>>> print(open('final_23.pdb').read())   # PDB, C-alpha atoms
MODEL        1
ATOM      1  CA  MET A   1       8.871  29.403 -68.711  1.00  0.00           C
ATOM      2  CA  PRO A   2      11.429  32.215 -68.179  1.00  0.00           C
ATOM      3  CA  GLU A   3      14.590  30.666 -66.713  1.00  0.00           C
ATOM      4  CA  ASN A   4      15.576  33.846 -64.871  1.00  0.00           C
ATOM      5  CA  ILE A   5      12.182  33.911 -63.156  1.00  0.00           C
ATOM      6  CA  VAL A   6      12.535  30.278 -62.097  1.00  0.00           C
ATOM      7  CA  GLU A   7      15.933  30.990 -60.559  1.00  0.00           C
ATOM      8  CA  LYS A   8      14.578  34.059 -58.781  1.00  0.00           C
ATOM      9  CA  ILE A   9      11.726  32.021 -57.302  1.00  0.00           C
ATOM     10  CA  LYS A  10      14.170  29.362 -56.107  1.00  0.00           C
ATOM     11  CA  LYS A  11      16.258  31.998 -54.353  1.00  0.00           C
ATOM     12  CA  LEU A  12      13.180  33.516 -52.727  1.00  0.00           C
ATOM     13  CA  LEU A  13      12.062  30.106 -51.499  1.00  0.00           C
ATOM     14  CA  ALA A  14      15.520  29.543 -50.048  1.00  0.00           C
ATOM     15  CA  LEU A  15      15.233  32.870 -48.197  1.00  0.00           C
ATOM     16  CA  SER A  16      11.862  31.765 -46.806  1.00  0.00           C
ATOM     17  CA  SER A  17      13.749  29.522 -44.380  1.00  0.00           C
ATOM     18  CA  SER A  18      15.564  32.538 -42.925  1.00  0.00           C
ATOM     19  CA  PRO A  19      15.590  32.788 -39.098  1.00  0.00           C
ATOM     20  CA  ASN A  20      14.352  36.350 -39.578  1.00  0.00           C
ATOM     21  CA  GLN A  21      10.583  35.833 -39.605  1.00  0.00           C
ATOM     22  CA  HIS A  22       9.777  39.091 -41.412  1.00  0.00           C
ATOM     23  CA  GLU A  23      12.339  38.402 -44.135  1.00  0.00           C
ATOM     24  CA  ALA A  24      11.126  34.825 -44.515  1.00  0.00           C
ATOM     25  CA  GLU A  25       7.467  35.874 -44.865  1.00  0.00           C
ATOM     26  CA  LEU A  26       8.278  38.550 -47.440  1.00  0.00           C
ATOM     27  CA  ALA A  27      10.382  36.123 -49.488  1.00  0.00           C
ATOM     28  CA  LEU A  28       7.668  33.455 -49.468  1.00  0.00           C
ATOM     29  CA  SER A  29       4.961  35.955 -50.386  1.00  0.00           C
ATOM     30  CA  ARG A  30       7.023  37.332 -53.282  1.00  0.00           C
ATOM     31  CA  ALA A  31       7.848  33.825 -54.512  1.00  0.00           C
ATOM     32  CA  TYR A  32       4.171  32.860 -54.688  1.00  0.00           C
ATOM     33  CA  GLU A  33       3.284  36.127 -56.420  1.00  0.00           C
ATOM     34  CA  LEU A  34       5.764  35.307 -59.181  1.00  0.00           C
ATOM     35  CA  MET A  35       4.582  31.704 -59.396  1.00  0.00           C
ATOM     36  CA  GLU A  36       0.981  32.814 -59.816  1.00  0.00           C
ATOM     37  CA  LYS A  37       1.885  35.509 -62.347  1.00  0.00           C
ATOM     38  CA  TYR A  38       3.898  33.150 -64.563  1.00  0.00           C
ATOM     39  CA  ASN A  39       1.743  30.055 -63.905  1.00  0.00           C
ATOM     40  CA  ILE A  40       4.623  28.122 -62.326  1.00  0.00           C
ATOM     41  CA  SER A  41       3.934  25.277 -59.915  1.00  0.00           C
ATOM     42  CA  MET A  42       6.145  23.752 -57.243  1.00  0.00           C
ATOM     43  CA  GLY A  43       6.539  20.745 -59.496  1.00  0.00           C
ATOM     44  CA  ASP A  44       8.097  22.965 -62.175  1.00  0.00           C
ATOM     45  CA  LEU A  45      10.825  24.062 -59.764  1.00  0.00           C
ATOM     46  CA  LYS A  46      12.287  20.705 -58.860  1.00  0.00           C
ATOM     47  CA  GLU A  47      14.692  18.755 -61.007  1.00  0.00           C
ATOM     48  CA  LYS A  48      12.784  16.132 -62.937  1.00  0.00           C
ATOM     49  CA  GLU A  49      13.879  12.533 -62.896  1.00  0.00           C
ATOM     50  CA  PRO A  50      13.227  10.491 -66.036  1.00  0.00           C
ATOM     51  CA  PHE A  51      10.079   8.408 -65.896  1.00  0.00           C
ATOM     52  CA  GLU A  52      10.418   4.658 -65.712  1.00  0.00           C
ATOM     53  CA  THR A  53       8.176   1.605 -65.801  1.00  0.00           C
ATOM     54  CA  VAL A  54       8.461  -1.056 -63.114  1.00  0.00           C
ATOM     55  CA  ARG A  55       6.748  -4.407 -63.592  1.00  0.00           C
ATOM     56  CA  ALA A  56       5.354  -5.862 -60.371  1.00  0.00           C
ATOM     57  CA  LYS A  57       3.740  -9.154 -59.445  1.00  0.00           C
ATOM     58  CA  ASP A  58       1.360 -10.047 -56.683  1.00  0.00           C
ATOM     59  CA  GLY A  59       1.101 -13.789 -56.245  1.00  0.00           C
ATOM     60  CA  GLU A  60      -2.293 -13.546 -54.613  1.00  0.00           C
ATOM     61  CA  ARG A  61      -5.612 -13.401 -56.420  1.00  0.00           C
ATOM     62  CA  ALA A  62      -6.974 -10.022 -57.474  1.00  0.00           C
ATOM     63  CA  HIS A  63      -8.260  -7.956 -54.551  1.00  0.00           C
ATOM     64  CA  PRO A  64     -11.418  -5.827 -54.824  1.00  0.00           C
ATOM     65  CA  GLU A  65      -9.757  -2.921 -52.997  1.00  0.00           C
ATOM     66  CA  ASP A  66      -6.925  -2.610 -55.513  1.00  0.00           C
ATOM     67  CA  SER A  67      -8.849  -0.450 -57.978  1.00  0.00           C
ATOM     68  CA  TYR A  68      -9.567   2.107 -55.236  1.00  0.00           C
ATOM     69  CA  ILE A  69      -5.954   2.114 -54.057  1.00  0.00           C
ATOM     70  CA  PHE A  70      -4.726   2.578 -57.641  1.00  0.00           C
ATOM     71  CA  MET A  71      -6.946   5.668 -58.025  1.00  0.00           C
ATOM     72  CA  LEU A  72      -5.501   7.192 -54.845  1.00  0.00           C
ATOM     73  CA  LEU A  73      -1.937   6.495 -55.999  1.00  0.00           C
ATOM     74  CA  LYS A  74      -2.526   8.266 -59.307  1.00  0.00           C
ATOM     75  CA  GLU A  75      -4.242  11.277 -57.772  1.00  0.00           C
ATOM     76  CA  TYR A  76      -1.924  11.952 -54.837  1.00  0.00           C
ATOM     77  CA  PHE A  77       1.329  10.050 -55.387  1.00  0.00           C
ATOM     78  CA  HIS A  78       2.000  10.749 -59.079  1.00  0.00           C
ATOM     79  CA  VAL A  79       2.153   7.251 -60.522  1.00  0.00           C
ATOM     80  CA  ILE A  80      -0.032   5.408 -63.011  1.00  0.00           C
ATOM     81  CA  ILE A  81      -0.880   1.738 -62.526  1.00  0.00           C
ATOM     82  CA  VAL A  82      -1.513  -0.497 -65.529  1.00  0.00           C
ATOM     83  CA  LEU A  83      -3.132  -3.824 -64.674  1.00  0.00           C
ATOM     84  CA  HIS A  84      -2.335  -6.608 -67.143  1.00  0.00           C
ATOM     85  CA  VAL A  85      -5.188  -9.047 -67.747  1.00  0.00           C
ATOM     86  CA  GLY A  86      -5.699 -12.130 -69.852  1.00  0.00           C
ATOM     87  CA  ASN A  87      -2.728 -14.174 -68.656  1.00  0.00           C
ATOM     88  CA  ARG A  88      -4.245 -17.606 -68.003  1.00  0.00           C
ATOM     89  CA  LYS A  89      -0.973 -19.050 -66.729  1.00  0.00           C
ATOM     90  CA  TYR A  90      -0.830 -16.587 -63.841  1.00  0.00           C
ATOM     91  CA  THR A  91      -3.650 -16.254 -61.321  1.00  0.00           C
ATOM     92  CA  GLY A  92      -2.354 -13.264 -59.375  1.00  0.00           C
ATOM     93  CA  ASN A  93      -1.987  -9.629 -60.289  1.00  0.00           C
ATOM     94  CA  ILE A  94       0.559  -8.453 -62.840  1.00  0.00           C
ATOM     95  CA  PHE A  95       0.822  -4.686 -63.138  1.00  0.00           C
ATOM     96  CA  SER A  96       3.176  -1.957 -64.280  1.00  0.00           C
ATOM     97  CA  VAL A  97       3.899   1.156 -62.237  1.00  0.00           C
ATOM     98  CA  LEU A  98       4.831   4.286 -64.200  1.00  0.00           C
ATOM     99  CA  GLY A  99       6.366   7.423 -62.709  1.00  0.00           C
ATOM    100  CA  GLU A 100       9.531   9.049 -61.422  1.00  0.00           C
ATOM    101  CA  PRO A 101      11.703   6.562 -59.471  1.00  0.00           C
ATOM    102  CA  HIS A 102      11.263   8.223 -56.075  1.00  0.00           C
ATOM    103  CA  ASN A 103       7.481   8.367 -56.561  1.00  0.00           C
ATOM    104  CA  ILE A 104       7.398   4.664 -57.462  1.00  0.00           C
ATOM    105  CA  ILE A 105       9.210   3.837 -54.206  1.00  0.00           C
ATOM    106  CA  ILE A 106       6.703   5.872 -52.195  1.00  0.00           C
ATOM    107  CA  ALA A 107       3.764   4.374 -54.095  1.00  0.00           C
ATOM    108  CA  LYS A 108       4.990   0.860 -53.313  1.00  0.00           C
ATOM    109  CA  HIS A 109       4.971   1.595 -49.568  1.00  0.00           C
ATOM    110  CA  VAL A 110       1.570   3.292 -49.759  1.00  0.00           C
ATOM    111  CA  TYR A 111       0.089   0.412 -51.759  1.00  0.00           C
ATOM    112  CA  GLU A 112       1.299  -2.206 -49.266  1.00  0.00           C
ATOM    113  CA  PHE A 113       0.158  -0.123 -46.302  1.00  0.00           C
ATOM    114  CA  LEU A 114      -3.317   0.546 -47.727  1.00  0.00           C
ATOM    115  CA  ARG A 115      -3.789  -3.085 -48.771  1.00  0.00           C
ATOM    116  CA  ARG A 116      -3.111  -4.176 -45.174  1.00  0.00           C
ATOM    117  CA  THR A 117      -5.232  -1.368 -43.745  1.00  0.00           C
ATOM    118  CA  PHE A 118      -8.264  -1.976 -45.969  1.00  0.00           C
ATOM    119  CA  THR A 119      -8.159  -5.690 -45.143  1.00  0.00           C
ATOM    120  CA  SER A 120      -7.776  -5.227 -41.376  1.00  0.00           C
ATOM    121  CA  LEU A 121     -10.550  -2.611 -41.209  1.00  0.00           C
ATOM    122  CA  TRP A 122     -12.934  -4.895 -43.080  1.00  0.00           C
ATOM    123  CA  LYS A 123     -12.168  -7.799 -40.746  1.00  0.00           C
ATOM    124  CA  ALA A 124     -12.815  -5.558 -37.746  1.00  0.00           C
ATOM    125  CA  ASN A 125     -16.157  -4.286 -39.071  1.00  0.00           C
ATOM    126  CA  LYS A 126     -17.677  -6.985 -41.277  1.00  0.00           C
ATOM    127  CA  HIS A 127     -19.636  -8.556 -38.426  1.00  0.00           C
ATOM    128  CA  GLU A 128     -21.814  -5.418 -38.463  1.00  0.00           C
ATOM    129  CA  PHE A 129     -22.964  -6.054 -42.026  1.00  0.00           C
ATOM    130  CA  VAL A 130     -22.696  -9.734 -42.974  1.00  0.00           C
ATOM    131  CA  SER A 131     -23.975 -12.948 -41.484  1.00  0.00           C
ATOM    132  CA  SER A 132     -23.431 -16.632 -42.131  1.00  0.00           C
ATOM    133  CA  ARG A 133     -26.908 -16.852 -43.707  1.00  0.00           C
ATOM    134  CA  MET A 134     -26.007 -14.437 -46.527  1.00  0.00           C
ATOM    135  CA  GLY A 135     -25.019 -15.656 -49.954  1.00  0.00           C
ATOM    136  CA  GLY A 136     -21.536 -15.063 -51.310  1.00  0.00           C
ATOM    137  CA  ALA A 137     -22.644 -12.529 -53.940  1.00  0.00           C
ATOM    138  CA  ARG A 138     -24.357 -10.338 -51.348  1.00  0.00           C
ATOM    139  CA  LYS A 139     -21.363 -10.515 -49.016  1.00  0.00           C
ATOM    140  CA  ASN A 140     -19.093  -9.390 -51.850  1.00  0.00           C
ATOM    141  CA  ARG A 141     -21.365  -6.423 -52.664  1.00  0.00           C
ATOM    142  CA  ILE A 142     -21.325  -5.315 -49.037  1.00  0.00           C
ATOM    143  CA  LYS A 143     -17.552  -5.735 -48.830  1.00  0.00           C
ATOM    144  CA  GLU A 144     -16.992  -3.671 -51.966  1.00  0.00           C
ATOM    145  CA  SER A 145     -19.347  -0.976 -50.660  1.00  0.00           C
ATOM    146  CA  TYR A 146     -17.238  -0.763 -47.503  1.00  0.00           C
ATOM    147  CA  PHE A 147     -14.038  -0.481 -49.566  1.00  0.00           C
ATOM    148  CA  PHE A 148     -15.659   2.201 -51.714  1.00  0.00           C
ATOM    149  CA  GLY A 149     -16.442   4.086 -48.505  1.00  0.00           C
ATOM    150  CA  LEU A 150     -12.838   3.742 -47.302  1.00  0.00           C
ATOM    151  CA  TYR A 151     -11.646   5.164 -50.623  1.00  0.00           C
ATOM    152  CA  ALA A 152     -14.134   8.058 -50.541  1.00  0.00           C
ATOM    153  CA  GLY A 153     -13.293   8.985 -46.951  1.00  0.00           C
ATOM    154  CA  LEU A 154      -9.535   8.850 -47.470  1.00  0.00           C
ATOM    155  CA  ASN A 155      -9.827  10.693 -50.792  1.00  0.00           C
ATOM    156  CA  LYS A 156     -11.720  13.513 -49.048  1.00  0.00           C
ATOM    157  CA  LYS A 157      -9.085  13.684 -46.318  1.00  0.00           C
ATOM    158  CA  LEU A 158      -6.149  13.830 -48.732  1.00  0.00           C
ATOM    159  CA  ASP A 159      -7.872  16.377 -50.957  1.00  0.00           C
ATOM    160  CA  GLU A 160      -8.545  18.666 -48.000  1.00  0.00           C
ATOM    161  CA  ALA A 161      -4.938  18.318 -46.838  1.00  0.00           C
ATOM    162  CA  ARG A 162      -3.671  19.261 -50.289  1.00  0.00           C
ATOM    163  CA  LYS A 163      -5.956  22.292 -50.495  1.00  0.00           C
ATOM    164  CA  ALA A 164      -4.895  23.435 -47.031  1.00  0.00           C
ATOM    165  CA  LEU A 165      -1.244  23.108 -48.042  1.00  0.00           C
ATOM    166  CA  TYR A 166      -1.739  25.455 -51.004  1.00  0.00           C
ATOM    167  CA  GLN A 167      -4.496  27.636 -49.573  1.00  0.00           C
ATOM    168  CA  GLY A 168      -4.450  31.116 -51.047  1.00  0.00           C
ATOM    169  CA  TYR A 169      -1.887  30.366 -53.731  1.00  0.00           C
ATOM    170  CA  GLY A 170      -3.994  28.716 -56.423  1.00  0.00           C
ATOM    171  CA  LEU A 171      -1.674  25.693 -56.558  1.00  0.00           C
ATOM    172  CA  ILE A 172      -4.123  22.900 -55.899  1.00  0.00           C
ATOM    173  CA  ARG A 173      -2.892  20.315 -58.418  1.00  0.00           C
ATOM    174  CA  VAL A 174       0.448  19.235 -59.753  1.00  0.00           C
ATOM    175  CA  ASP A 175       0.387  18.895 -63.541  1.00  0.00           C
ATOM    176  CA  ASN A 176       0.734  15.229 -64.472  1.00  0.00           C
ATOM    177  CA  ALA A 177       0.522  15.867 -68.219  1.00  0.00           C
ATOM    178  CA  ALA A 178       4.096  14.666 -68.821  1.00  0.00           C
ATOM    179  CA  LEU A 179       3.385  11.409 -67.003  1.00  0.00           C
ATOM    180  CA  GLU A 180       0.193  10.937 -69.009  1.00  0.00           C
ATOM    181  CA  ARG A 181       2.169  11.381 -72.251  1.00  0.00           C
ATOM    182  CA  TYR A 182       4.748   8.848 -71.088  1.00  0.00           C
ATOM    183  CA  TYR A 183       1.954   6.402 -70.237  1.00  0.00           C
ATOM    184  CA  LYS A 184       0.430   6.725 -73.697  1.00  0.00           C
ATOM    185  CA  GLU A 185       3.842   6.201 -75.314  1.00  0.00           C
ATOM    186  CA  GLN A 186       4.493   3.065 -73.281  1.00  0.00           C
ATOM    187  CA  PHE A 187       0.987   1.612 -73.589  1.00  0.00           C
ATOM    188  CA  PRO A 188      -0.622   3.070 -76.724  1.00  0.00           C
ATOM    189  CA  ASN A 189      -3.270   0.340 -76.816  1.00  0.00           C
ATOM    190  CA  ALA A 190      -4.186   0.381 -73.143  1.00  0.00           C
ATOM    191  CA  LYS A 191      -7.856   0.802 -72.330  1.00  0.00           C
ATOM    192  CA  SER A 192      -9.193   2.656 -69.337  1.00  0.00           C
ATOM    193  CA  SER A 193     -11.865   0.958 -67.309  1.00  0.00           C
ATOM    194  CA  SER A 194     -15.217   2.680 -67.795  1.00  0.00           C
ATOM    195  CA  GLU A 195     -17.078   0.527 -65.283  1.00  0.00           C
ATOM    196  CA  LYS A 196     -19.167   2.654 -62.922  1.00  0.00           C
ATOM    197  CA  ILE A 197     -18.906   2.028 -59.212  1.00  0.00           C
ATOM    198  CA  LYS A 198     -22.155   0.604 -57.873  1.00  0.00           C
ATOM    199  CA  LEU A 199     -23.155   1.205 -54.274  1.00  0.00           C
ATOM    200  CA  GLY A 200     -24.409  -2.130 -52.966  1.00  0.00           C
ATOM    201  CA  ASP A 201     -24.949  -1.258 -49.302  1.00  0.00           C
ATOM    202  CA  LYS A 202     -25.364   2.285 -47.982  1.00  0.00           C
ATOM    203  CA  ASP A 203     -24.647   1.388 -44.353  1.00  0.00           C
ATOM    204  CA  ALA A 204     -21.382  -0.359 -45.228  1.00  0.00           C
ATOM    205  CA  PHE A 205     -20.368   2.591 -47.423  1.00  0.00           C
ATOM    206  CA  SER A 206     -21.150   5.100 -44.662  1.00  0.00           C
ATOM    207  CA  GLN A 207     -19.095   3.203 -42.090  1.00  0.00           C
ATOM    208  CA  GLY A 208     -16.259   2.834 -44.589  1.00  0.00           C
ATOM    209  CA  PHE A 209     -16.323   6.587 -45.245  1.00  0.00           C
ATOM    210  CA  VAL A 210     -15.973   7.336 -41.530  1.00  0.00           C
ATOM    211  CA  ASP A 211     -13.143   4.819 -41.173  1.00  0.00           C
ATOM    212  CA  GLY A 212     -11.430   6.096 -44.332  1.00  0.00           C
ATOM    213  CA  GLU A 213     -11.210   9.621 -42.946  1.00  0.00           C
ATOM    214  CA  LYS A 214      -9.292   8.215 -39.969  1.00  0.00           C
ATOM    215  CA  ILE A 215      -6.584   6.443 -41.986  1.00  0.00           C
ATOM    216  CA  GLU A 216      -3.138   7.953 -41.369  1.00  0.00           C
ATOM    217  CA  ILE A 217      -0.820   7.293 -44.307  1.00  0.00           C
ATOM    218  CA  PHE A 218       1.892   9.679 -43.181  1.00  0.00           C
ATOM    219  CA  LYS A 219       3.035   8.116 -39.907  1.00  0.00           C
ATOM    220  CA  PRO A 220       4.133   4.673 -41.217  1.00  0.00           C
ATOM    221  CA  LEU A 221       5.942   6.208 -44.170  1.00  0.00           C
ATOM    222  CA  GLN A 222       7.689   8.860 -42.139  1.00  0.00           C
ATOM    223  CA  SER A 223       8.934   6.254 -39.723  1.00  0.00           C
ATOM    224  CA  ALA A 224      10.460   4.375 -42.650  1.00  0.00           C
ATOM    225  CA  ASN A 225      12.033   7.407 -44.319  1.00  0.00           C
ATOM    226  CA  ASN A 226      11.782  10.915 -42.935  1.00  0.00           C
ATOM    227  CA  ASN A 227      12.685  12.402 -46.323  1.00  0.00           C
ATOM    228  CA  PHE A 228       9.481  11.221 -47.967  1.00  0.00           C
ATOM    229  CA  MET A 229       7.097  14.068 -48.862  1.00  0.00           C
ATOM    230  CA  LEU A 230       3.668  12.569 -49.433  1.00  0.00           C
ATOM    231  CA  LEU A 231       1.751  15.567 -50.731  1.00  0.00           C
ATOM    232  CA  PRO A 232       2.562  17.393 -53.990  1.00  0.00           C
ATOM    233  CA  GLN A 233       5.434  19.789 -53.632  1.00  0.00           C
TER     234      GLN A 233
ENDMDL
END
>>> encode(input="final_23.pdb", output="structure tokens")
Amino acid sequence: MPENIVEKIKKLLALSSSPNQHEAELALSRAYELMEKYNISMGDLKEKEPFETVRAKDGERAHPEDSYIFMLLKEYFHVIIVLHVGNRKYTGNIFSVLGEPHNIIIAKHVYEFLRRTFTSLWKANKHEFVSSRMGGARKNRIKESYFFGLYAGLNKKLDEARKALYQGYGLIRVDNAALERYYKEQFPNAKSSSEKIKLGDKDAFSQGFVDGEKIEIFKPLQSANNNFMLLPQ
């Protein structure tokens, strides 16, 4: 991309914080015109940190909600999660988190928050769907349907927030191609899960969807660090 254009856009974006409202609006409008013309995203304008891989351990058994949380982290928080399987000596989760260091820190907080939230919401609502007379397999299907609903509802909410943030500028997604290349370099033999999500209970899914749309990720993270920006820049 033309370096002089990038610098010009940065200067225009700096002017967009001017106390003069007219000047600020003109600068922002001109900046987005140039970004659209030269196919430059917000992600292209910030200084890139080198990617890194952080190995993490979770001493508990695998949780059914983890796969849904991992998908949200990749889509909205710019990290890739690699789950390591086949270690018979270790019964918990072992996974690697790939991304820029600041994104890994944010993803860690989001993961812990969503794990707690998914669990607490299920405990608060499971009496509506399961009974002591049900078998374990059926209970697990209903539980996973509820988690799937939580994922779908929260995914819809985050997607709408991202679109609203970039409305009118054609900047809906941040290009994660560089992260994908890094992932393939680090784990050339990794296999993506192709298992389709099966809906076991429509009522549990529907309730989960409603509850998922109400989840607020931003408040707990902002209280921990006001500098965290959760949506793509």
>>> resolve_selection(input="final_23.pdb", expression="the PyMOL selection byres ((chain A and resi 144) around 9)", output="ChimeraX atom specification")
/A:64-65,139-143,145-149,198-201,204-205
>>> atom_distance(input="final_23.pdb", atom1="atom CA of Ala152 of chain A", atom2="atom CA of Asp211 of chain A")
10.0 Å
>>> resolve_selection(input="final_23.pdb", expression="the PyMOL selection byres ((chain A and resi 28) around 12)", output="JSON, numbers by chain")
{"A": [8, 9, 10, 11, 12, 13, 14, 15, 16, 17, 18, 21, 22, 23, 24, 25, 26, 27, 29, 30, 31, 32, 33, 34, 35, 169]}
>>> axis_aligned_box(input="final_23.pdb", around="segment 65-75 of chain A", padding_each_side="4 Å", output="AutoDock Vina command-line options")
--center_x -5.8 --center_y 4.2 --center_z -56.2 --size_x 15.8 --size_y 22.2 --size_z 14.3
>>> residues_around(input="final_23.pdb", residues="Glu180 of chain A", least_positions_apart="3", cutoff="10 Å", atoms="all atoms listed in the file", output="PyMOL selection string")
chain A and resi 79-80+98-99+175-177+183-186
>>> closest_residue(input="final_23.pdb", among="A:Asp66, A:Asp159, A:Glu3, A:Asp203", to="Phe118 of chain A", atoms="only C-alpha atoms")
A:Asp66
>>> closest_residue(input="final_23.pdb", among="A:Asn39, A:Gln207, A:Asn189, A:Asn4", to="Asn125 of chain A", atoms="only C-alpha atoms")
A:Gln207
>>> closest_residue(input="final_23.pdb", among="A:Thr53, A:Asn155, A:Ser206, A:Ser192", to="Glu100 of chain A", atoms="all atoms listed in the file")
A:Thr53
>>> closest_residue(input="final_23.pdb", among="A:Leu158, A:Met134, A:Val6, A:Leu73", to="His109 of chain A", atoms="only C-alpha atoms")
A:Leu73
>>> resolve_selection(input="final_23.pdb", expression="the PyMOL selection byres ((chain A and resi 111) around 12)", output="PyMOL selection string")
chain A and resi 56+58+65-74+77+79+81+97+103-110+112-118+217+221
>>> atom_distance(input="final_23.pdb", atom1="atom CA of Lys191 of chain A", atom2="atom CA of Val54 of chain A")
18.8 Å
>>> closest_residue(input="final_23.pdb", among="A:Glu52, A:Gly136, A:Asn20, A:Glu75", to="Arg162 of chain A", atoms="all atoms listed in the file")
A:Glu75
>>> atom_distance(input="final_23.pdb", atom1="atom CA of His78 of chain A", atom2="atom CA of Leu179 of chain A")
8.1 Å
>>> closest_residue(input="final_23.pdb", among="A:Phe187, A:Phe209, A:Tyr38, A:Trp122", to="Lys156 of chain A", atoms="only C-alpha atoms")
A:Phe209
>>> build_atoms(input="final_23.pdb", residues="segment 151-167 of chain A", atoms="N, CA and C atoms", output="JSON list (two decimals), in the coordinates of the input")
[["chain", "number", "residue", "atom", "x", "y", "z"],
["A", 151, "TYR", "N", -12.26, 4.33, -49.58],
["A", 151, "TYR", "CA", -11.65, 5.16, -50.62],
["A", 151, "TYR", "C", -12.19, 6.59, -50.57],
["A", 152, "ALA", "N", -13.52, 6.73, -50.51],
["A", 152, "ALA", "CA", -14.13, 8.06, -50.54],
["A", 152, "ALA", "C", -13.73, 8.89, -49.33],
["A", 153, "GLY", "N", -13.69, 8.26, -48.15],
["A", 153, "GLY", "CA", -13.29, 8.98, -46.95],
["A", 153, "GLY", "C", -11.84, 9.42, -46.98],
["A", 154, "LEU", "N", -10.96, 8.51, -47.40],
["A", 154, "LEU", "CA", -9.54, 8.85, -47.47],
["A", 154, "LEU", "C", -9.27, 9.86, -48.57],
["A", 155, "ASN", "N", -9.98, 9.74, -49.69],
["A", 155, "ASN", "CA", -9.83, 10.69, -50.79],
["A", 155, "ASN", "C", -10.20, 12.10, -50.33],
["A", 156, "LYS", "N", -11.30, 12.21, -49.58],
["A", 156, "LYS", "CA", -11.72, 13.51, -49.05],
["A", 156, "LYS", "C", -10.65, 14.08, -48.12],
["A", 157, "LYS", "N", -10.10, 13.23, -47.27],
["A", 157, "LYS", "CA", -9.09, 13.68, -46.32],
["A", 157, "LYS", "C", -7.83, 14.19, -47.03],
["A", 158, "LEU", "N", -7.36, 13.44, -48.01],
["A", 158, "LEU", "CA", -6.15, 13.83, -48.73],
["A", 158, "LEU", "C", -6.38, 15.08, -49.57],
["A", 159, "ASP", "N", -7.56, 15.20, -50.15],
["A", 159, "ASP", "CA", -7.87, 16.38, -50.96],
["A", 159, "ASP", "C", -7.90, 17.62, -50.09],
["A", 160, "GLU", "N", -8.50, 17.52, -48.91],
["A", 160, "GLU", "CA", -8.54, 18.67, -48.00],
["A", 160, "GLU", "C", -7.16, 19.04, -47.52],
["A", 161, "ALA", "N", -6.31, 18.03, -47.27],
["A", 161, "ALA", "CA", -4.94, 18.32, -46.84],
["A", 161, "ALA", "C", -4.16, 19.04, -47.93],
["A", 162, "ARG", "N", -4.37, 18.62, -49.17],
["A", 162, "ARG", "CA", -3.67, 19.26, -50.29],
["A", 162, "ARG", "C", -4.14, 20.70, -50.47],
["A", 163, "LYS", "N", -5.43, 20.94, -50.35],
["A", 163, "LYS", "CA", -5.96, 22.29, -50.50],
["A", 163, "LYS", "C", -5.45, 23.19, -49.37],
["A", 164, "ALA", "N", -5.39, 22.64, -48.17],
["A", 164, "ALA", "CA", -4.89, 23.44, -47.03],
["A", 164, "ALA", "C", -3.43, 23.80, -47.22],
["A", 165, "LEU", "N", -2.67, 22.86, -47.82],
["A", 165, "LEU", "CA", -1.24, 23.11, -48.04],
["A", 165, "LEU", "C", -1.02, 24.28, -48.98],
["A", 166, "TYR", "N", -1.91, 24.41, -49.99],
["A", 166, "TYR", "CA", -1.74, 25.46, -51.00],
["A", 166, "TYR", "C", -2.79, 26.55, -50.89],
["A", 167, "GLN", "N", -3.42, 26.66, -49.74],
["A", 167, "GLN", "CA", -4.50, 27.64, -49.57],
["A", 167, "GLN", "C", -4.01, 29.05, -49.87]]
